[in-house]
file start.cif (mmCIF, C-alpha atoms)
data_coords
#
loop_
_atom_site.label_atom_id
_atom_site.label_comp_id
_atom_site.auth_asym_id
_atom_site.auth_seq_id
_atom_site.Cartn_x
_atom_site.Cartn_y
_atom_site.Cartn_z
CA MET A 687 -10.68 -21.79 7.65
CA SER A 688 -12.09 -18.30 8.07
CA LEU A 689 -10.34 -15.14 9.15
CA GLU A 690 -11.08 -13.45 12.44
CA PHE A 691 -9.96 -10.13 13.80
CA SER A 692 -7.90 -10.27 16.97
CA ALA A 693 -9.54 -9.03 20.16
CA GLY A 694 -7.37 -5.91 19.96
CA ALA A 695 -8.48 -5.19 16.41
CA LEU A 696 -12.14 -5.57 17.36
CA GLN A 697 -11.60 -3.17 20.26
CA GLU A 698 -9.98 -0.69 17.90
CA ILE A 699 -12.94 -0.90 15.50
CA GLU A 700 -15.38 -0.38 18.37
CA ALA A 701 -13.41 2.64 19.59
CA LEU A 702 -13.38 4.13 16.09
CA LYS A 703 -17.15 3.77 15.62
CA GLY A 704 -17.75 6.81 17.81
CA GLN A 705 -15.56 8.96 15.57
CA TYR A 706 -17.60 8.39 12.42
CA PRO A 707 -21.19 9.51 11.83
CA ASP A 708 -21.82 6.67 9.37
CA VAL A 709 -20.41 3.16 9.66
CA ARG A 710 -19.45 3.24 5.95
CA ALA A 711 -16.92 5.94 6.80
CA LEU A 712 -15.24 3.40 9.09
CA MET A 713 -14.62 1.10 6.12
CA LEU A 714 -11.20 2.53 5.21
CA PRO A 715 -9.77 2.40 8.74
CA ALA A 716 -11.16 -1.13 9.12
CA LEU A 717 -9.56 -2.18 5.83
CA HIS A 718 -6.21 -0.71 6.89
CA LEU A 719 -6.55 -2.61 10.15
CA ALA A 720 -7.32 -5.82 8.23
CA GLN A 721 -4.24 -5.27 6.08
CA ARG A 722 -2.10 -4.80 9.20
CA GLU A 723 -3.57 -7.94 10.76
CA PHE A 724 -3.41 -10.24 7.72
CA GLY A 725 -0.70 -8.70 5.52
CA HIS A 726 -3.06 -8.00 2.64
CA VAL A 727 -6.79 -7.62 1.98
CA SER A 728 -7.96 -10.91 0.49
CA LEU A 729 -11.56 -11.55 -0.54
CA GLU A 730 -11.95 -13.33 2.79
CA ALA A 731 -10.72 -10.22 4.62
CA GLU A 732 -13.17 -8.10 2.61
CA GLN A 733 -15.97 -10.41 3.76
CA LEU A 734 -14.81 -10.10 7.37
CA VAL A 735 -14.84 -6.28 7.19
CA ALA A 736 -18.29 -6.31 5.59
CA GLU A 737 -19.67 -8.61 8.27
CA THR A 738 -17.98 -6.73 11.12
CA LEU A 739 -19.32 -3.36 9.96
CA LYS A 740 -22.61 -4.77 8.66
CA VAL A 741 -22.17 -3.17 5.25
CA PRO A 742 -22.58 -4.73 1.79
CA LEU A 743 -19.59 -6.72 0.60
CA SER A 744 -19.82 -4.88 -2.73
CA ASP A 745 -19.10 -1.57 -0.94
CA VAL A 746 -16.03 -3.04 0.72
CA HIS A 747 -14.80 -4.56 -2.54
CA GLU A 748 -15.26 -1.25 -4.35
CA ALA A 749 -13.09 0.50 -1.75
CA VAL A 750 -10.35 -2.14 -1.93
CA THR A 751 -10.19 -2.07 -5.71
CA PHE A 752 -10.34 1.74 -5.91
CA TYR A 753 -7.61 2.68 -3.43
CA THR A 754 -4.06 1.75 -4.40
CA LEU A 755 -2.74 1.40 -0.85
CA PHE A 756 -4.61 -1.85 -0.27
CA HIS A 757 -2.70 -4.99 -1.21
CA ARG A 758 -5.00 -7.63 -2.68
CA THR A 759 -2.23 -10.22 -2.73
CA PRO A 760 0.62 -10.68 -0.26
CA PRO A 761 3.29 -8.05 -0.94
CA GLY A 762 7.00 -8.47 -0.48
CA GLU A 763 8.77 -7.71 2.76
CA HIS A 764 9.13 -4.08 1.59
CA VAL A 765 6.69 -2.05 -0.49
CA VAL A 766 7.92 0.76 -2.73
CA TYR A 767 5.37 3.13 -4.26
CA LEU A 768 6.78 5.20 -7.10
CA CYS A 769 4.97 8.44 -7.93
CA ARG A 770 4.00 8.71 -11.58
CA THR A 771 2.44 12.15 -11.73
CA LEU A 772 3.61 15.41 -13.28
CA SER A 773 5.95 16.86 -10.63
CA CYS A 774 7.92 13.63 -10.31
CA TRP A 775 7.85 12.97 -14.05
CA MET A 776 9.26 16.43 -14.79
CA ARG A 777 12.11 15.78 -12.36
CA GLY A 778 13.15 12.45 -13.88
CA ALA A 779 10.97 9.76 -12.27
CA ASP A 780 10.64 7.64 -15.43
CA PRO A 781 14.31 6.62 -15.74
CA LEU A 782 14.43 6.00 -12.00
CA ARG A 783 11.38 3.72 -12.19
CA GLU A 784 13.08 1.85 -15.05
CA GLN A 785 16.23 1.54 -12.92
CA VAL A 786 14.28 0.14 -9.94
CA CYS A 787 12.42 -2.36 -12.09
CA ARG A 788 15.51 -3.45 -14.03
CA LYS A 789 17.58 -4.01 -10.88
CA LEU A 790 14.79 -6.00 -9.21
CA GLY A 791 13.75 -7.87 -12.37
CA VAL A 792 10.12 -6.75 -12.06
CA HIS A 793 7.50 -4.56 -13.66
CA PRO A 794 5.35 -2.17 -11.61
CA GLY A 795 2.83 -4.25 -9.66
CA GLU A 796 5.22 -7.17 -9.18
CA THR A 797 7.35 -8.54 -6.35
CA SER A 798 11.00 -9.47 -6.70
CA ALA A 799 11.82 -13.18 -6.96
CA ASP A 800 13.34 -13.15 -3.46
CA ARG A 801 10.00 -11.73 -2.10
CA LYS A 802 11.90 -8.79 -0.61
CA VAL A 803 10.45 -5.86 -2.61
CA THR A 804 7.09 -5.11 -4.21
CA VAL A 805 7.12 -2.18 -6.64
CA LEU A 806 3.91 -0.26 -7.21
CA GLU A 807 3.07 2.92 -9.05
CA SER A 808 0.90 5.53 -7.43
CA GLU A 809 -0.77 8.70 -8.44
CA CYS A 810 0.48 11.74 -6.55
CA LEU A 811 2.01 10.81 -3.22
CA GLY A 812 1.54 14.39 -2.02
CA ALA A 813 5.23 15.12 -1.50
CA CYS A 814 5.97 17.16 -4.62
CA GLU A 815 8.64 19.16 -2.80
CA GLN A 816 10.66 15.91 -2.68
CA ALA A 817 10.15 15.04 -6.36
CA PRO A 818 10.98 12.53 -7.64
CA VAL A 819 9.71 10.73 -4.57
CA ALA A 820 8.89 7.21 -3.44
CA LEU A 821 6.93 5.94 -0.47
CA VAL A 822 8.95 3.09 1.03
CA ASP A 823 7.32 1.08 3.81
CA GLY A 824 5.27 4.15 4.71
CA ASP A 825 8.16 6.63 4.67
CA PHE A 826 8.85 9.23 1.98
CA VAL A 827 12.22 8.97 0.25
CA GLY A 828 13.29 11.80 -1.99
CA PRO A 829 14.35 13.58 -3.90
CA LEU A 830 15.60 10.46 -5.63
CA ASP A 831 18.48 10.18 -8.02
CA SER A 832 20.26 7.17 -9.52
CA ASP A 833 22.70 6.80 -6.61
CA LYS A 834 19.94 7.06 -3.99
CA VAL A 835 17.93 4.40 -5.85
CA ASP A 836 20.93 2.05 -5.79
CA GLN A 837 21.47 2.66 -2.06
CA LEU A 838 17.78 2.19 -1.32
CA LEU A 839 17.56 -1.10 -3.21
CA GLU A 840 20.73 -2.38 -1.55
CA ARG A 841 19.27 -1.61 1.89
CA LEU A 842 15.91 -3.22 1.10
CA ARG A 843 17.43 -6.42 -0.25
CA ARG A 844 19.54 -7.05 2.86
#
call {"tool": "encode", "arguments": {"input": "start.cif", "output": "C-alpha cells"}}
result
Amino acid sequence: MSLEFSAGALQEIEALKGQYPDVRALMLPALHLAQREFGHVSLEAEQLVAETLKVPLSDVHEAVTFYTLFHRTPPGEHVVYLCRTLSCWMRGADPLREQVCRKLGVHPGETSADRKVTVLESECLGACEQAPVALVDGDFVGPLDSDKVDQLLERLRR
C-alpha cells in the first residue's frame, strides 16, 4: 500500500510552487503538509514528497533528519517541545524537563505509555521572553514553573 496526497494537498502544493523560485525550496512546506496529512513523515512519505516535487529522495531525507519539527514516527496525541538552550536553562528549564519526564515516565524523544504525550527537546524555540518555555501542540507556553507544568500535564492527559 502506498501513500498518496489528497486532492486538496496536491492543490496546495501546486499553489505554493509559484511562491518559490526553486522547487527544492518547496520541500519544507511539502513535508509539513505530508506530516499534517499522515501524522508523521515516514520513509514512504519522504518518497512521496520526492516524487511529487521531482527532487532526489536523499535531499528530502536530509531535510527530515535535520529539522526537529518533523516526526519520523507517530507522535502522541500531544507534542511538547522543551527548549534546551541558554535562556531557558538559566531560568530553570532543566528541573522542569526532569519533572515532565518523571511524571510521564518518559525520556526526551519518547511518548507516554498512554500515547497521550510525546516529549521532545528543541534548540531555541525563539520565545526567550517567555523562558523557560515549551511549544505545546504549536502554541507557546511560558514562562513555566513547577505548578504550570503540573497543570499542563493534567490538561494534556485528559
call {"tool": "atom_distance", "arguments": {"input": "start.cif", "atom1": "CA of Glu690 in chain A", "atom2": "CA of Val741 in chain A"}}
result
16.7 Å
call {"tool": "residues_around", "arguments": {"input": "start.cif", "residues": "Thr738 in chain A", "least_positions_apart": "6", "cutoff": "12 Å", "atoms": "all atoms listed in the file", "output": "VMD selection string"}}
result
chain A and resid 689 to 691 695 to 697 699 to 700 703 709 to 710 712 to 713 716 to 717 720 731 to 732 746
call {"tool": "write_last_selection", "arguments": {"input": "start.cif", "atoms": "C-alpha atoms", "output": "tab-separated table (two decimals), in the frame of the given file"}}
result
chain	number	residue	atom	x	y	z
A	689	LEU	CA	-10.34	-15.14	9.15
A	690	GLU	CA	-11.08	-13.45	12.44
A	691	PHE	CA	-9.96	-10.13	13.80
A	695	ALA	CA	-8.48	-5.19	16.41
A	696	LEU	CA	-12.14	-5.57	17.36
A	697	GLN	CA	-11.60	-3.17	20.26
A	699	ILE	CA	-12.94	-0.90	15.50
A	700	GLU	CA	-15.38	-0.38	18.37
A	703	LYS	CA	-17.15	3.77	15.62
A	709	VAL	CA	-20.41	3.16	9.66
A	710	ARG	CA	-19.45	3.24	5.95
A	712	LEU	CA	-15.24	3.40	9.09
A	713	MET	CA	-14.62	1.10	6.12
A	716	ALA	CA	-11.16	-1.13	9.12
A	717	LEU	CA	-9.56	-2.18	5.83
A	720	ALA	CA	-7.32	-5.82	8.23
A	731	ALA	CA	-10.72	-10.22	4.62
A	732	GLU	CA	-13.17	-8.10	2.61
A	746	VAL	CA	-16.03	-3.04	0.72
call {"tool": "residues_around", "arguments": {"input": "start.cif", "residues": "Pro794 in chain A", "least_positions_apart": "2", "cutoff": "10 Å", "atoms": "all atoms listed in the file", "output": "PyMOL selection string"}}
result
chain A and resi 766-768+783-784+786-787+792+796-797+804-808
call {"tool": "write_last_selection", "arguments": {"input": "start.cif", "atoms": "C-alpha atoms", "output": "PDB file, keeping the file's coordinate frame"}}
result
ATOM      1  CA  VAL A 766       7.920   0.760  -2.730  1.00  0.00           C
ATOM      2  CA  TYR A 767       5.370   3.130  -4.260  1.00  0.00           C
ATOM      3  CA  LEU A 768       6.780   5.200  -7.100  1.00  0.00           C
ATOM      4  CA  ARG A 783      11.380   3.720 -12.190  1.00  0.00           C
ATOM      5  CA  GLU A 784      13.080   1.850 -15.050  1.00  0.00           C
ATOM      6  CA  VAL A 786      14.280   0.140  -9.940  1.00  0.00           C
ATOM      7  CA  CYS A 787      12.420  -2.360 -12.090  1.00  0.00           C
ATOM      8  CA  VAL A 792      10.120  -6.750 -12.060  1.00  0.00           C
ATOM      9  CA  GLU A 796       5.220  -7.170  -9.180  1.00  0.00           C
ATOM     10  CA  THR A 797       7.350  -8.540  -6.350  1.00  0.00           C
ATOM     11  CA  THR A 804       7.090  -5.110  -4.210  1.00  0.00           C
ATOM     12  CA  VAL A 805       7.120  -2.180  -6.640  1.00  0.00           C
ATOM     13  CA  LEU A 806       3.910  -0.260  -7.210  1.00  0.00           C
ATOM     14  CA  GLU A 807       3.070   2.920  -9.050  1.00  0.00           C
ATOM     15  CA  SER A 808       0.900   5.530  -7.430  1.00  0.00           C
TER      16      SER A 808
END
call {"tool": "closest_residue", "arguments": {"input": "start.cif", "among": "A:Gln837, A:Gln816, A:Ser688, A:Ser832", "to": "Phe724 in chain A", "atoms": "all atoms listed in the file"}}
result
A:Ser688
call {"tool": "resolve_selection", "arguments": {"input": "start.cif", "expression": "the PyMOL selection byres ((chain A and resi 800) around 12)", "output": "list in words"}}
result
Pro761, Gly762, Glu763, His764, Leu790, Gly791, Val792, Glu796, Thr797, Ser798, Ala799, Arg801, Lys802, Val803, Thr804, Leu842, Arg843 and Arg844 of chain A
call {"tool": "atom_distance", "arguments": {"input": "start.cif", "atom1": "CA of Leu702 in chain A", "atom2": "CA of Leu729 in chain A"}}
result
22.9 Å
call {"tool": "decode", "arguments": {"input": "start.cif", "residues": "range 748-785 of chain A", "atoms": "N, CA and C atoms", "output": "PDB file, in the first residue's frame"}}
result
ATOM      1  N   GLU A 748      17.443  14.228   3.985  1.00  0.00           N
ATOM      2  CA  GLU A 748      18.326  15.132   4.721  1.00  0.00           C
ATOM      3  C   GLU A 748      17.514  16.197   5.462  1.00  0.00           C
ATOM      4  N   ALA A 749      16.505  16.743   4.813  1.00  0.00           N
ATOM      5  CA  ALA A 749      15.672  17.768   5.446  1.00  0.00           C
ATOM      6  C   ALA A 749      14.914  17.188   6.641  1.00  0.00           C
ATOM      7  N   VAL A 750      14.343  16.014   6.467  1.00  0.00           N
ATOM      8  CA  VAL A 750      13.557  15.396   7.549  1.00  0.00           C
ATOM      9  C   VAL A 750      14.437  15.080   8.752  1.00  0.00           C
ATOM     10  N   THR A 751      15.638  14.614   8.510  1.00  0.00           N
ATOM     11  CA  THR A 751      16.507  14.235   9.628  1.00  0.00           C
ATOM     12  C   THR A 751      17.228  15.432  10.237  1.00  0.00           C
ATOM     13  N   PHE A 752      17.275  16.553   9.538  1.00  0.00           N
ATOM     14  CA  PHE A 752      17.932  17.751  10.065  1.00  0.00           C
ATOM     15  C   PHE A 752      16.994  18.560  10.953  1.00  0.00           C
ATOM     16  N   TYR A 753      15.771  18.770  10.511  1.00  0.00           N
ATOM     17  CA  TYR A 753      14.834  19.626  11.230  1.00  0.00           C
ATOM     18  C   TYR A 753      14.079  18.834  12.290  1.00  0.00           C
ATOM     19  N   THR A 754      14.046  19.388  13.504  1.00  0.00           N
ATOM     20  CA  THR A 754      13.455  18.653  14.629  1.00  0.00           C
ATOM     21  C   THR A 754      11.931  18.679  14.657  1.00  0.00           C
ATOM     22  N   LEU A 755      11.293  19.504  13.858  1.00  0.00           N
ATOM     23  CA  LEU A 755       9.839  19.576  13.898  1.00  0.00           C
ATOM     24  C   LEU A 755       9.153  18.511  13.047  1.00  0.00           C
ATOM     25  N   PHE A 756       9.937  17.685  12.368  1.00  0.00           N
ATOM     26  CA  PHE A 756       9.342  16.583  11.613  1.00  0.00           C
ATOM     27  C   PHE A 756       9.376  15.326  12.461  1.00  0.00           C
ATOM     28  N   HIS A 757       8.221  14.669  12.577  1.00  0.00           N
ATOM     29  CA  HIS A 757       8.117  13.434  13.342  1.00  0.00           C
ATOM     30  C   HIS A 757       8.338  12.267  12.394  1.00  0.00           C
ATOM     31  N   ARG A 758       9.347  11.469  12.681  1.00  0.00           N
ATOM     32  CA  ARG A 758       9.657  10.318  11.826  1.00  0.00           C
ATOM     33  C   ARG A 758       8.884   9.077  12.242  1.00  0.00           C
ATOM     34  N   THR A 759       8.324   9.114  13.420  1.00  0.00           N
ATOM     35  CA  THR A 759       7.446   8.041  13.895  1.00  0.00           C
ATOM     36  C   THR A 759       6.180   8.713  14.420  1.00  0.00           C
ATOM     37  N   PRO A 760       5.088   7.973  14.529  1.00  0.00           N
ATOM     38  CA  PRO A 760       3.851   8.600  15.004  1.00  0.00           C
ATOM     39  C   PRO A 760       4.010   9.157  16.417  1.00  0.00           C
ATOM     40  N   PRO A 761       3.729  10.453  16.590  1.00  0.00           N
ATOM     41  CA  PRO A 761       3.825  11.029  17.934  1.00  0.00           C
ATOM     42  C   PRO A 761       2.560  10.737  18.725  1.00  0.00           C
ATOM     43  N   GLY A 762       2.586  11.123  19.992  1.00  0.00           N
ATOM     44  CA  GLY A 762       1.394  11.016  20.815  1.00  0.00           C
ATOM     45  C   GLY A 762       0.341  12.020  20.370  1.00  0.00           C
ATOM     46  N   GLU A 763      -0.763  11.989  21.055  1.00  0.00           N
ATOM     47  CA  GLU A 763      -1.861  12.907  20.749  1.00  0.00           C
ATOM     48  C   GLU A 763      -1.410  14.366  20.896  1.00  0.00           C
ATOM     49  N   HIS A 764      -0.540  14.624  21.848  1.00  0.00           N
ATOM     50  CA  HIS A 764       0.005  15.964  22.094  1.00  0.00           C
ATOM     51  C   HIS A 764       1.522  15.901  21.988  1.00  0.00           C
ATOM     52  N   VAL A 765       2.110  16.967  21.453  1.00  0.00           N
ATOM     53  CA  VAL A 765       3.571  17.042  21.321  1.00  0.00           C
ATOM     54  C   VAL A 765       4.065  18.249  22.104  1.00  0.00           C
ATOM     55  N   VAL A 766       5.004  17.996  23.008  1.00  0.00           N
ATOM     56  CA  VAL A 766       5.583  19.033  23.850  1.00  0.00           C
ATOM     57  C   VAL A 766       7.066  19.141  23.518  1.00  0.00           C
ATOM     58  N   TYR A 767       7.451  20.301  22.984  1.00  0.00           N
ATOM     59  CA  TYR A 767       8.866  20.601  22.749  1.00  0.00           C
ATOM     60  C   TYR A 767       9.357  21.435  23.914  1.00  0.00           C
ATOM     61  N   LEU A 768      10.427  20.989  24.543  1.00  0.00           N
ATOM     62  CA  LEU A 768      11.025  21.713  25.645  1.00  0.00           C
ATOM     63  C   LEU A 768      12.321  22.354  25.162  1.00  0.00           C
ATOM     64  N   CYS A 769      12.443  23.658  25.347  1.00  0.00           N
ATOM     65  CA  CYS A 769      13.639  24.377  24.924  1.00  0.00           C
ATOM     66  C   CYS A 769      14.805  23.985  25.818  1.00  0.00           C
ATOM     67  N   ARG A 770      15.961  23.777  25.210  1.00  0.00           N
ATOM     68  CA  ARG A 770      17.127  23.374  25.995  1.00  0.00           C
ATOM     69  C   ARG A 770      18.298  24.341  25.823  1.00  0.00           C
ATOM     70  N   THR A 771      18.031  25.540  25.384  1.00  0.00           N
ATOM     71  CA  THR A 771      19.132  26.470  25.164  1.00  0.00           C
ATOM     72  C   THR A 771      19.299  27.433  26.332  1.00  0.00           C
ATOM     73  N   LEU A 772      20.261  28.319  26.223  1.00  0.00           N
ATOM     74  CA  LEU A 772      20.771  29.113  27.339  1.00  0.00           C
ATOM     75  C   LEU A 772      19.710  29.901  28.109  1.00  0.00           C
ATOM     76  N   SER A 773      18.871  30.658  27.430  1.00  0.00           N
ATOM     77  CA  SER A 773      17.897  31.495  28.151  1.00  0.00           C
ATOM     78  C   SER A 773      16.989  30.646  29.034  1.00  0.00           C
ATOM     79  N   CYS A 774      16.499  29.553  28.490  1.00  0.00           N
ATOM     80  CA  CYS A 774      15.613  28.683  29.278  1.00  0.00           C
ATOM     81  C   CYS A 774      16.388  27.965  30.378  1.00  0.00           C
ATOM     82  N   TRP A 775      17.588  27.514  30.060  1.00  0.00           N
ATOM     83  CA  TRP A 775      18.413  26.824  31.050  1.00  0.00           C
ATOM     84  C   TRP A 775      18.680  27.726  32.256  1.00  0.00           C
ATOM     85  N   MET A 776      19.026  28.997  31.967  1.00  0.00           N
ATOM     86  CA  MET A 776      19.345  29.940  33.043  1.00  0.00           C
ATOM     87  C   MET A 776      18.127  30.234  33.924  1.00  0.00           C
ATOM     88  N   ARG A 777      16.945  30.012  33.380  1.00  0.00           N
ATOM     89  CA  ARG A 777      15.725  30.305  34.146  1.00  0.00           C
ATOM     90  C   ARG A 777      15.066  29.031  34.672  1.00  0.00           C
ATOM     91  N   GLY A 778      15.826  27.921  34.708  1.00  0.00           N
ATOM     92  CA  GLY A 778      15.350  26.729  35.403  1.00  0.00           C
ATOM     93  C   GLY A 778      14.693  25.653  34.566  1.00  0.00           C
ATOM     94  N   ALA A 779      15.010  25.580  33.274  1.00  0.00           N
ATOM     95  CA  ALA A 779      14.373  24.587  32.408  1.00  0.00           C
ATOM     96  C   ALA A 779      14.742  23.148  32.772  1.00  0.00           C
ATOM     97  N   ASP A 780      15.970  22.908  33.223  1.00  0.00           N
ATOM     98  CA  ASP A 780      16.395  21.526  33.487  1.00  0.00           C
ATOM     99  C   ASP A 780      15.516  20.814  34.523  1.00  0.00           C
ATOM    100  N   PRO A 781      15.274  21.406  35.690  1.00  0.00           N
ATOM    101  CA  PRO A 781      14.409  20.704  36.652  1.00  0.00           C
ATOM    102  C   PRO A 781      12.979  20.533  36.132  1.00  0.00           C
ATOM    103  N   LEU A 782      12.525  21.476  35.314  1.00  0.00           N
ATOM    104  CA  LEU A 782      11.179  21.352  34.758  1.00  0.00           C
ATOM    105  C   LEU A 782      11.108  20.215  33.743  1.00  0.00           C
ATOM    106  N   ARG A 783      12.152  20.069  32.933  1.00  0.00           N
ATOM    107  CA  ARG A 783      12.207  18.943  31.991  1.00  0.00           C
ATOM    108  C   ARG A 783      12.206  17.625  32.762  1.00  0.00           C
ATOM    109  N   GLU A 784      12.981  17.564  33.841  1.00  0.00           N
ATOM    110  CA  GLU A 784      13.013  16.353  34.668  1.00  0.00           C
ATOM    111  C   GLU A 784      11.630  16.073  35.258  1.00  0.00           C
ATOM    112  N   GLN A 785      10.928  17.108  35.670  1.00  0.00           N
ATOM    113  CA  GLN A 785       9.581  16.957  36.225  1.00  0.00           C
ATOM    114  C   GLN A 785       8.625  16.399  35.166  1.00  0.00           C
TER     115      GLN A 785
END
